Each structure stands twice: as structure tokens, then as C-alpha cells.
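Participant: Structure file final.pdb (PDB, C-alpha atoms) is given on the next line.
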```pdb
ATOM      1  CA  MET C   1      62.345  14.359  21.202
ATOM      2  CA  SER C   2      59.756  17.000  20.254
ATOM      3  CA  LYS C   3      56.644  17.447  22.372
ATOM      4  CA  GLN C   4      53.751  15.160  21.391
ATOM      5  CA  PHE C   5      50.401  14.123  22.853
ATOM      6  CA  GLY C   6      48.825  10.693  22.568
ATOM      7  CA  SER C   7      49.941   7.155  23.313
ATOM      8  CA  ALA C   8      53.586   6.108  23.325
ATOM      9  CA  PRO C   9      54.355   4.097  20.148
ATOM     10  CA  VAL C  10      54.555   0.665  21.761
ATOM     11  CA  SER C  11      55.404  -1.868  19.059
ATOM     12  CA  GLU C  12      52.770  -4.308  17.856
ATOM     13  CA  ALA C  13      55.151  -7.137  18.773
ATOM     14  CA  ILE C  14      55.251  -6.074  22.431
ATOM     15  CA  ILE C  15      51.481  -5.586  22.585
ATOM     16  CA  GLU C  16      50.787  -8.949  20.944
ATOM     17  CA  ALA C  17      53.183 -10.714  23.327
ATOM     18  CA  CYS C  18      51.513  -9.149  26.369
ATOM     19  CA  LEU C  19      48.010 -10.000  25.169
ATOM     20  CA  ARG C  20      49.023 -13.549  24.317
ATOM     21  CA  ARG C  21      50.429 -14.105  27.812
ATOM     22  CA  SER C  22      47.244 -12.820  29.431
ATOM     23  CA  GLU C  23      44.650 -14.401  27.140
ATOM     24  CA  ASN C  24      43.644 -17.046  29.707
ATOM     25  CA  TYR C  25      43.102 -14.510  32.483
ATOM     26  CA  ASP C  26      39.789 -12.801  33.274
ATOM     27  CA  LEU C  27      40.641  -9.591  31.471
ATOM     28  CA  GLU C  28      38.750  -7.614  28.856
ATOM     29  CA  GLY C  29      39.596  -4.786  26.465
ATOM     30  CA  PHE C  30      42.917  -3.059  26.015
ATOM     31  CA  LEU C  31      44.117   0.478  26.653
ATOM     32  CA  LEU C  32      47.498   2.137  26.252
ATOM     33  CA  GLY C  33      48.612   5.095  28.326
ATOM     34  CA  GLN C  34      47.999   8.609  27.096
ATOM     35  CA  GLY C  35      49.414  12.086  27.474
ATOM     36  CA  ALA C  36      52.377  14.345  26.855
ATOM     37  CA  MET C  37      55.642  12.964  25.465
ATOM     38  CA  PRO C  38      58.088  13.751  26.917
ATOM     39  CA  ALA C  39      56.354  14.563  30.216
ATOM     40  CA  GLN C  40      57.542  16.110  33.429
ATOM     41  CA  ILE C  41      55.320  13.752  35.382
ATOM     42  CA  MET C  42      53.887  10.280  34.720
ATOM     43  CA  PHE C  43      50.998   8.916  36.764
ATOM     44  CA  VAL C  44      50.833   5.114  37.073
ATOM     45  CA  GLY C  45      47.512   3.597  38.132
ATOM     46  CA  GLU C  46      46.279   0.046  38.565
ATOM     47  CA  ALA C  47      44.196  -0.991  35.539
ATOM     48  CA  PRO C  48      41.363   0.398  33.415
ATOM     49  CA  GLY C  49      37.778  -0.144  34.519
ATOM     50  CA  ALA C  50      34.632  -0.616  32.462
ATOM     51  CA  THR C  51      34.241   3.081  31.610
ATOM     52  CA  GLU C  52      37.843   3.442  30.486
ATOM     53  CA  ILE C  53      37.627   0.406  28.207
ATOM     54  CA  VAL C  54      34.443   1.703  26.571
ATOM     55  CA  GLU C  55      35.730   5.261  26.117
ATOM     56  CA  GLY C  56      39.317   4.301  25.238
ATOM     57  CA  ARG C  57      40.816   6.844  27.620
ATOM     58  CA  PRO C  58      42.495   6.333  31.011
ATOM     59  CA  PHE C  59      40.776   7.562  34.174
ATOM     60  CA  THR C  60      37.386   8.577  32.818
ATOM     61  CA  GLY C  61      35.185   6.921  35.462
ATOM     62  CA  GLN C  62      34.572   8.031  39.042
ATOM     63  CA  ALA C  63      38.260   7.831  39.878
ATOM     64  CA  GLY C  64      38.923  10.016  36.847
ATOM     65  CA  LYS C  65      36.926  12.840  38.394
ATOM     66  CA  VAL C  66      39.096  12.605  41.499
ATOM     67  CA  LEU C  67      42.229  12.597  39.335
ATOM     68  CA  GLU C  68      41.012  15.805  37.676
ATOM     69  CA  HIS C  69      40.913  17.308  41.179
ATOM     70  CA  TYR C  70      44.478  16.086  41.765
ATOM     71  CA  LEU C  71      45.590  17.860  38.596
ATOM     72  CA  GLU C  72      43.706  21.034  39.483
ATOM     73  CA  GLN C  73      45.473  21.152  42.845
ATOM     74  CA  LEU C  74      48.818  20.685  41.085
ATOM     75  CA  GLY C  75      48.087  23.364  38.492
ATOM     76  CA  LEU C  76      48.256  20.803  35.693
ATOM     77  CA  THR C  77      46.013  19.459  32.938
ATOM     78  CA  ARG C  78      45.992  16.155  31.065
ATOM     79  CA  GLN C  79      47.927  17.914  28.316
ATOM     80  CA  ASP C  80      50.851  18.313  30.736
ATOM     81  CA  ILE C  81      51.170  14.727  31.999
ATOM     82  CA  TYR C  82      51.278  11.102  30.893
ATOM     83  CA  ILE C  83      48.842   8.619  32.472
ATOM     84  CA  SER C  84      49.574   4.907  32.463
ATOM     85  CA  SER C  85      48.821   1.773  34.489
ATOM     86  CA  ALA C  86      50.319  -1.523  35.603
ATOM     87  CA  VAL C  87      47.739  -3.589  33.650
ATOM     88  CA  ARG C  88      46.215  -2.557  30.300
ATOM     89  CA  SER C  89      43.042  -4.625  30.274
ATOM     90  CA  ARG C  90      40.159  -4.578  32.732
ATOM     91  CA  PRO C  91      40.431  -7.292  35.413
ATOM     92  CA  PHE C  92      36.891  -8.476  36.091
ATOM     93  CA  LYS C  93      34.923 -10.982  38.122
ATOM     94  CA  ASP C  94      31.488 -12.322  37.276
ATOM     95  CA  LYS C  95      28.834 -13.088  39.849
ATOM     96  CA  ILE C  96      25.474 -14.747  39.334
ATOM     97  CA  ILE C  97      22.693 -12.680  40.882
ATOM     98  CA  GLN C  98      19.663 -14.662  41.968
ATOM     99  CA  THR C  99      16.383 -12.788  41.642
ATOM    100  CA  LYS C 100      13.543 -13.019  44.123
ATOM    101  CA  SER C 101      10.975 -13.469  41.409
ATOM    102  CA  THR C 102      10.423 -17.046  40.275
ATOM    103  CA  ASP C 103       9.602 -15.737  36.801
ATOM    104  CA  SER C 104      13.006 -14.109  36.291
ATOM    105  CA  ALA C 105      16.161 -16.003  35.429
ATOM    106  CA  PRO C 106      19.392 -15.351  37.340
ATOM    107  CA  ARG C 107      21.528 -12.592  35.812
ATOM    108  CA  MET C 108      25.254 -12.112  35.555
ATOM    109  CA  SER C 109      26.928  -9.128  37.202
ATOM    110  CA  ARG C 110      30.449  -8.111  36.166
ATOM    111  CA  SER C 111      32.625  -5.951  38.413
ATOM    112  CA  ASN C 112      36.212  -4.753  38.615
ATOM    113  CA  ARG C 113      38.796  -6.542  40.730
ATOM    114  CA  THR C 114      42.441  -6.103  41.737
ATOM    115  CA  PRO C 115      44.855  -7.489  39.120
ATOM    116  CA  THR C 116      46.985 -10.473  40.059
ATOM    117  CA  LYS C 117      50.794 -10.525  40.045
ATOM    118  CA  LYS C 118      50.717 -12.739  36.939
ATOM    119  CA  GLU C 119      48.518 -10.239  35.112
ATOM    120  CA  ILE C 120      50.794  -7.368  36.120
ATOM    121  CA  ARG C 121      53.829  -9.321  34.950
ATOM    122  CA  ALA C 122      52.173 -10.198  31.628
ATOM    123  CA  HIS C 123      51.663  -6.507  30.802
ATOM    124  CA  ALA C 124      54.944  -5.259  32.310
ATOM    125  CA  PRO C 125      56.853  -4.697  29.024
ATOM    126  CA  ILE C 126      54.347  -2.042  27.944
ATOM    127  CA  LEU C 127      54.940   0.138  30.995
ATOM    128  CA  ASP C 128      58.689  -0.435  30.635
ATOM    129  CA  PHE C 129      58.565   0.935  27.091
ATOM    130  CA  GLU C 130      56.393   3.916  28.034
ATOM    131  CA  ILE C 131      58.738   4.991  30.832
ATOM    132  CA  GLN C 132      61.721   4.841  28.465
ATOM    133  CA  TYR C 133      59.888   6.745  25.749
ATOM    134  CA  VAL C 134      58.069   9.372  27.840
ATOM    135  CA  GLN C 135      61.155  10.126  29.964
ATOM    136  CA  PRO C 136      59.252  11.412  33.014
ATOM    137  CA  GLN C 137      61.165  13.541  35.483
ATOM    138  CA  VAL C 138      58.884  12.324  38.293
ATOM    139  CA  ILE C 139      56.837   9.102  38.379
ATOM    140  CA  VAL C 140      53.709   9.132  40.548
ATOM    141  CA  PRO C 141      52.413   5.632  41.337
ATOM    142  CA  MET C 142      48.842   5.794  42.623
ATOM    143  CA  GLY C 143      48.012   2.986  45.037
ATOM    144  CA  ASN C 144      49.809  -0.214  45.980
ATOM    145  CA  ILE C 145      49.608  -1.878  42.566
ATOM    146  CA  GLY C 146      51.384   0.958  40.776
ATOM    147  CA  LEU C 147      53.858   1.446  43.622
ATOM    148  CA  GLN C 148      54.852  -2.201  43.972
ATOM    149  CA  ARG C 149      55.068  -2.708  40.218
ATOM    150  CA  LEU C 150      57.788  -0.053  40.230
ATOM    151  CA  ILE C 151      59.792  -0.625  43.410
ATOM    152  CA  GLY C 152      58.750  -4.073  44.640
ATOM    153  CA  ASN C 153      56.612  -5.399  47.468
ATOM    154  CA  GLN C 154      58.698  -4.089  50.352
ATOM    155  CA  SER C 155      56.715  -0.826  50.540
ATOM    156  CA  THR C 156      53.028  -0.006  50.834
ATOM    157  CA  ILE C 157      51.270   3.205  49.898
ATOM    158  CA  SER C 158      50.215   3.792  53.510
ATOM    159  CA  ASN C 159      53.903   3.914  54.528
ATOM    160  CA  VAL C 160      55.388   6.020  51.735
ATOM    161  CA  HIS C 161      52.602   8.254  50.378
ATOM    162  CA  GLY C 162      53.406  11.933  50.095
ATOM    163  CA  LYS C 163      57.181  11.415  50.153
ATOM    164  CA  GLU C 164      59.691  11.678  47.348
ATOM    165  CA  ILE C 165      61.716   8.494  46.856
ATOM    166  CA  GLN C 166      64.928   8.184  44.860
ATOM    167  CA  SER C 167      64.996   4.572  43.719
ATOM    168  CA  PRO C 168      65.743   2.221  40.838
ATOM    169  CA  ILE C 169      62.605   0.715  39.310
ATOM    170  CA  GLN C 170      61.710  -2.772  38.168
ATOM    171  CA  HIS C 171      61.616  -3.707  34.519
ATOM    172  CA  VAL C 172      61.470  -6.989  32.641
ATOM    173  CA  GLU C 173      64.907  -8.192  31.628
ATOM    174  CA  ASP C 174      63.775  -9.668  28.280
ATOM    175  CA  TRP C 175      60.272  -8.796  27.068
ATOM    176  CA  GLN C 176      60.328 -11.640  24.528
ATOM    177  CA  ASP C 177      60.754 -14.242  27.285
ATOM    178  CA  PRO C 178      57.504 -14.838  29.234
ATOM    179  CA  ASP C 179      59.517 -16.202  32.166
ATOM    180  CA  SER C 180      62.060 -13.404  32.228
ATOM    181  CA  PRO C 181      62.411 -11.992  35.774
ATOM    182  CA  TYR C 182      62.215  -8.388  36.873
ATOM    183  CA  GLN C 183      65.480  -6.591  37.366
ATOM    184  CA  PHE C 184      66.126  -3.131  38.772
ATOM    185  CA  SER C 185      67.252  -0.238  36.618
ATOM    186  CA  LYS C 186      70.815   0.966  36.919
ATOM    187  CA  LYS C 187      69.686   4.545  37.434
ATOM    188  CA  ASP C 188      67.507   6.022  40.151
ATOM    189  CA  TYR C 189      64.133   7.584  39.383
ATOM    190  CA  ARG C 190      62.288  10.258  41.313
ATOM    191  CA  ILE C 191      59.114   8.625  42.613
ATOM    192  CA  PHE C 192      56.322  10.342  44.527
ATOM    193  CA  PRO C 193      53.602   7.872  45.647
ATOM    194  CA  LEU C 194      49.990   8.987  46.123
ATOM    195  CA  TYR C 195      46.849   7.207  47.225
ATOM    196  CA  HIS C 196      44.841   5.935  44.273
ATOM    197  CA  PRO C 197      42.021   8.354  43.358
ATOM    198  CA  ALA C 198      39.481   5.594  44.059
ATOM    199  CA  ALA C 199      40.652   5.451  47.692
ATOM    200  CA  ILE C 200      38.973   8.727  48.569
ATOM    201  CA  ILE C 201      35.682   7.491  47.101
ATOM    202  CA  TYR C 202      35.558   4.638  49.600
ATOM    203  CA  LYS C 203      37.323   6.359  52.508
ATOM    204  CA  ARG C 204      36.502  10.054  52.828
ATOM    205  CA  SER C 205      38.755  10.377  55.873
ATOM    206  CA  LEU C 206      41.726  10.316  53.472
ATOM    207  CA  GLU C 207      40.697  13.624  51.913
ATOM    208  CA  SER C 208      42.855  15.838  54.150
ATOM    209  CA  VAL C 209      45.819  13.447  53.848
ATOM    210  CA  ILE C 210      45.631  13.516  50.066
ATOM    211  CA  GLU C 211      45.394  17.316  50.058
ATOM    212  CA  GLN C 212      48.632  17.489  52.068
ATOM    213  CA  ASP C 213      50.315  14.990  49.742
ATOM    214  CA  LEU C 214      49.307  17.000  46.669
ATOM    215  CA  LYS C 215      50.712  20.174  48.222
ATOM    216  CA  ALA C 216      53.998  18.351  48.878
ATOM    217  CA  LEU C 217      54.096  17.070  45.286
ATOM    218  CA  LYS C 218      53.411  20.574  43.953
ATOM    219  CA  ASP C 219      56.367  21.861  45.980
ATOM    220  CA  VAL C 220      58.578  19.113  44.483
ATOM    221  CA  LEU C 221      57.527  19.990  40.933
ATOM    222  CA  GLN C 222      58.002  23.728  41.492
ATOM    223  CA  ALA C 223      61.432  23.179  42.986
ATOM    224  CA  LYS C 224      62.357  21.077  39.943
ATOM    225  CA  ASN C 225      61.160  23.825  37.603
ATOM    226  CA  ASN C 226      63.108  26.484  39.476
ATOM    227  CA  SER C 227      66.344  24.525  39.638
TER     228      SER C 227
END
```
Any chance you could give the structure as C-alpha cells?

Facilitator:
Amino acid sequence: MSKQFGSAPVSEAIIEACLRRSENYDLEGFLLGQGAMPAQIMFVGEAPGATEIVEGRPFTGQAGKVLEHYLEQLGLTRQDIYISSAVRSRPFKDKIIQTKSTDSAPRMSRSNRTPTKKEIRAHAPILDFEIQYVQPQVIVPMGNIGLQRLIGNQSTISNVHGKEIQSPIQHVEDWQDPDSPYQFSKKDYRIFPLYHPAAIIYKRSLESVIEQDLKALKDVLQAKNNS
């Protein structure tokens, strides 16, 4: 496979099936992954937010600025990696905001939320295809959603961040069957979990931990390149 940059060529049939299964959920927009193909490293996030859906590019909001710092520390650019996510549409929740003024009507506020297991499952075939097509040497799940989508619910990011894991990963057995269960791959993948870039925005105390994790990941990538 020659080097390319863009979105993996997920078939319209897979995309349509995933969107059909999630049409009754509170999701909006749609965004495929983006980056180098094949790629040494694939980052797997949670789901796009409002900014990403508008701009049509993964990690362009506040968390995107933190991800740029991740890449800078690793000596990489977006041209070197592939960025994907567990869910391809923005999970949202609406809240009615009551105003103090009697002359103003209540307004609706829309915010991001954590995707549900059903939403993750509905979009699973897309990530499955991207991993097969992009052929990453190392997969970097960022946060619990990305981590548990790959290796199951037995681990949390707080327990395994900053450590390389050799493990099979989950994929949907039959993408055409909406009730098809996950099964684990026959081969092991190299997985290096990191805290989600948004984590540092809400918890600055993680900054030094993340710096150490990025240094460890850089050592893993350099060792791979030198082998």
C-alpha cells in the first residue's frame, strides 16, 4: 500500500449501516478519521465535538490544541499519524436554560456528552475497517472510551496509561448484523494508552503525568524505528 493522506475508504454500505443503527440516538453530524495511510501510529479518541463536526476535521477544538502538544512532544505532525474515534457523530444533550428576565423566553443549550455503549457499538464497524486499512504499528487509545472499545471494560485509563500493552482487540464479528457481538482479533496489537487530551483541560494536575507518558511513548516509537 503506497503512502496516502486523508480518510480511509470506508464503504458507503458500512457508513449507511452505522448511521441507520444510530439514527434514534442523540447524535449529530458525521466525521471519518483522517491522516496517513499506512501509519506508524493511530490515535483513537472518543467522539467529535461541535467544532469538529463544523470543521470536518478530528481534534480541532480545545482538545485538539492539547493533541498538537502531544504530537510536538513526540516529534510528529498530523501528516505522520492517523486520528480516529470510537463514535463518528457528536453525542449531545440539550438543556433548557431559564432566563431571569420575564421578557425573554427560555433558550436551549446543547453540550457534548459521553457516548453510550450502544452508540459505540453502532459505529464499531467503521473503526474496525480503519484499523485494517491503516495498518498501524502502534494504536494509542486516548481515554476510557477509546481504550475500552479496543480491549474491553476490564481496564481503565488510570490503571494502564503510559504502558505498552500487547493485546488482541475487539471487532464486530459481522458488520451487516446489528446484533453481532464483539470478538477478539486472533493477533495481538501494540497498544499504548494515554489520557484523553481533554483530561488536562479539566485537571491540570495530570500535566506532569502526561509528559512522562509521552516520553515513554516516544521511547517506544524510537525503539521500533531502530529495530

Participant: Expand the PyMOL selection byres ((chain C and resi 8) around 8) into the explicit residue set it covers here, and present it as a list in words.

Facilitator: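 Checked against the file, the PyMOL selection byres ((chain C and resi 8) around 8) matches Gly6, Ser7, Pro9, Val10, Leu32, Gly33, Gln34, Met37, Glu130, Tyr133 and Val134 of chain C.
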
Participant: The PyMOL selection byres ((chain C and resi 166-169) around 10) - which residues does that actually catch in the file I just gave you? List them as a PyMOL selection string.

Facilitator: chain C and resi 128+138+147-152+163-165+170-171+182-192

Participant: Go ahead and write the residues just picked, C-alpha atoms, as a CSV table (one decimal), in the coordinates of the input.

Facilitator:
```
chain,number,residue,atom,x,y,z
C,128,ASP,CA,58.7,-0.4,30.6
C,138,VAL,CA,58.9,12.3,38.3
C,147,LEU,CA,53.9,1.4,43.6
C,148,GLN,CA,54.9,-2.2,44.0
C,149,ARG,CA,55.1,-2.7,40.2
C,150,LEU,CA,57.8,-0.1,40.2
C,151,ILE,CA,59.8,-0.6,43.4
C,152,GLY,CA,58.8,-4.1,44.6
C,163,LYS,CA,57.2,11.4,50.2
C,164,GLU,CA,59.7,11.7,47.3
C,165,ILE,CA,61.7,8.5,46.9
C,170,GLN,CA,61.7,-2.8,38.2
C,171,HIS,CA,61.6,-3.7,34.5
C,182,TYR,CA,62.2,-8.4,36.9
C,183,GLN,CA,65.5,-6.6,37.4
C,184,PHE,CA,66.1,-3.1,38.8
C,185,SER,CA,67.3,-0.2,36.6
C,186,LYS,CA,70.8,1.0,36.9
C,187,LYS,CA,69.7,4.5,37.4
C,188,ASP,CA,67.5,6.0,40.2
C,189,TYR,CA,64.1,7.6,39.4
C,190,ARG,CA,62.3,10.3,41.3
C,191,ILE,CA,59.1,8.6,42.6
C,192,PHE,CA,56.3,10.3,44.5
```

Participant: Applied to this file, what does the PyMOL selection byres ((chain C and resi 116) around 12) return in terms of residues, put as a ChimeraX atom specification?

Facilitator: /C:22,25-27,46-47,86-87,90-92,113-115,117-123,145,149

Participant: Just to be explicit: take each residue in the selection above, keep C-alpha atoms, and write the result as a PDB file, in the frame of the given file.

Facilitator:
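What follows is the written file again.pdb:
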```pdb
ATOM      1  CA  SER C  22      47.244 -12.820  29.431  1.00  0.00           C
ATOM      2  CA  TYR C  25      43.102 -14.510  32.483  1.00  0.00           C
ATOM      3  CA  ASP C  26      39.789 -12.801  33.274  1.00  0.00           C
ATOM      4  CA  LEU C  27      40.641  -9.591  31.471  1.00  0.00           C
ATOM      5  CA  GLU C  46      46.279   0.046  38.565  1.00  0.00           C
ATOM      6  CA  ALA C  47      44.196  -0.991  35.539  1.00  0.00           C
ATOM      7  CA  ALA C  86      50.319  -1.523  35.603  1.00  0.00           C
ATOM      8  CA  VAL C  87      47.739  -3.589  33.650  1.00  0.00           C
ATOM      9  CA  ARG C  90      40.159  -4.578  32.732  1.00  0.00           C
ATOM     10  CA  PRO C  91      40.431  -7.292  35.413  1.00  0.00           C
ATOM     11  CA  PHE C  92      36.891  -8.476  36.091  1.00  0.00           C
ATOM     12  CA  ARG C 113      38.796  -6.542  40.730  1.00  0.00           C
ATOM     13  CA  THR C 114      42.441  -6.103  41.737  1.00  0.00           C
ATOM     14  CA  PRO C 115      44.855  -7.489  39.120  1.00  0.00           C
ATOM     15  CA  LYS C 117      50.794 -10.525  40.045  1.00  0.00           C
ATOM     16  CA  LYS C 118      50.717 -12.739  36.939  1.00  0.00           C
ATOM     17  CA  GLU C 119      48.518 -10.239  35.112  1.00  0.00           C
ATOM     18  CA  ILE C 120      50.794  -7.368  36.120  1.00  0.00           C
ATOM     19  CA  ARG C 121      53.829  -9.321  34.950  1.00  0.00           C
ATOM     20  CA  ALA C 122      52.173 -10.198  31.628  1.00  0.00           C
ATOM     21  CA  HIS C 123      51.663  -6.507  30.802  1.00  0.00           C
ATOM     22  CA  ILE C 145      49.608  -1.878  42.566  1.00  0.00           C
ATOM     23  CA  ARG C 149      55.068  -2.708  40.218  1.00  0.00           C
TER      24      ARG C 149
END
```

Participant: What separation in Å, quoted to one decimal, exists between atom CA of Asp213 of chain C and atom CA of Tyr70 of chain C?

Facilitator: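 Atom CA of Tyr70 of chain C lies 9.9 Å from atom CA of Asp213 of chain C.
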
Participant: What does the structure give for the distance between atom CA of Ala17 of chain C and atom CA of Ser155 of chain C, in Å to one decimal?

Facilitator: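 Separating atom CA of Ala17 of chain C from atom CA of Ser155 of chain C is a distance of 29.2 Å.
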
Participant: Considering all atoms listed in the file, can you say which of C:Val54, C:Met108, C:Leu19, C:Val209 comes closest to Lys95 of chain C?

Facilitator: C:Met108

Participant: Using all atoms listed in the file, can you tell me which of C:His161, C:Arg88, C:Lys65, C:Arg78 comes closest to Pro197 of chain C?

Facilitator: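 When distances to Pro197 of chain C are compared using all atoms listed in the file, the smallest one comes from C:Lys65.
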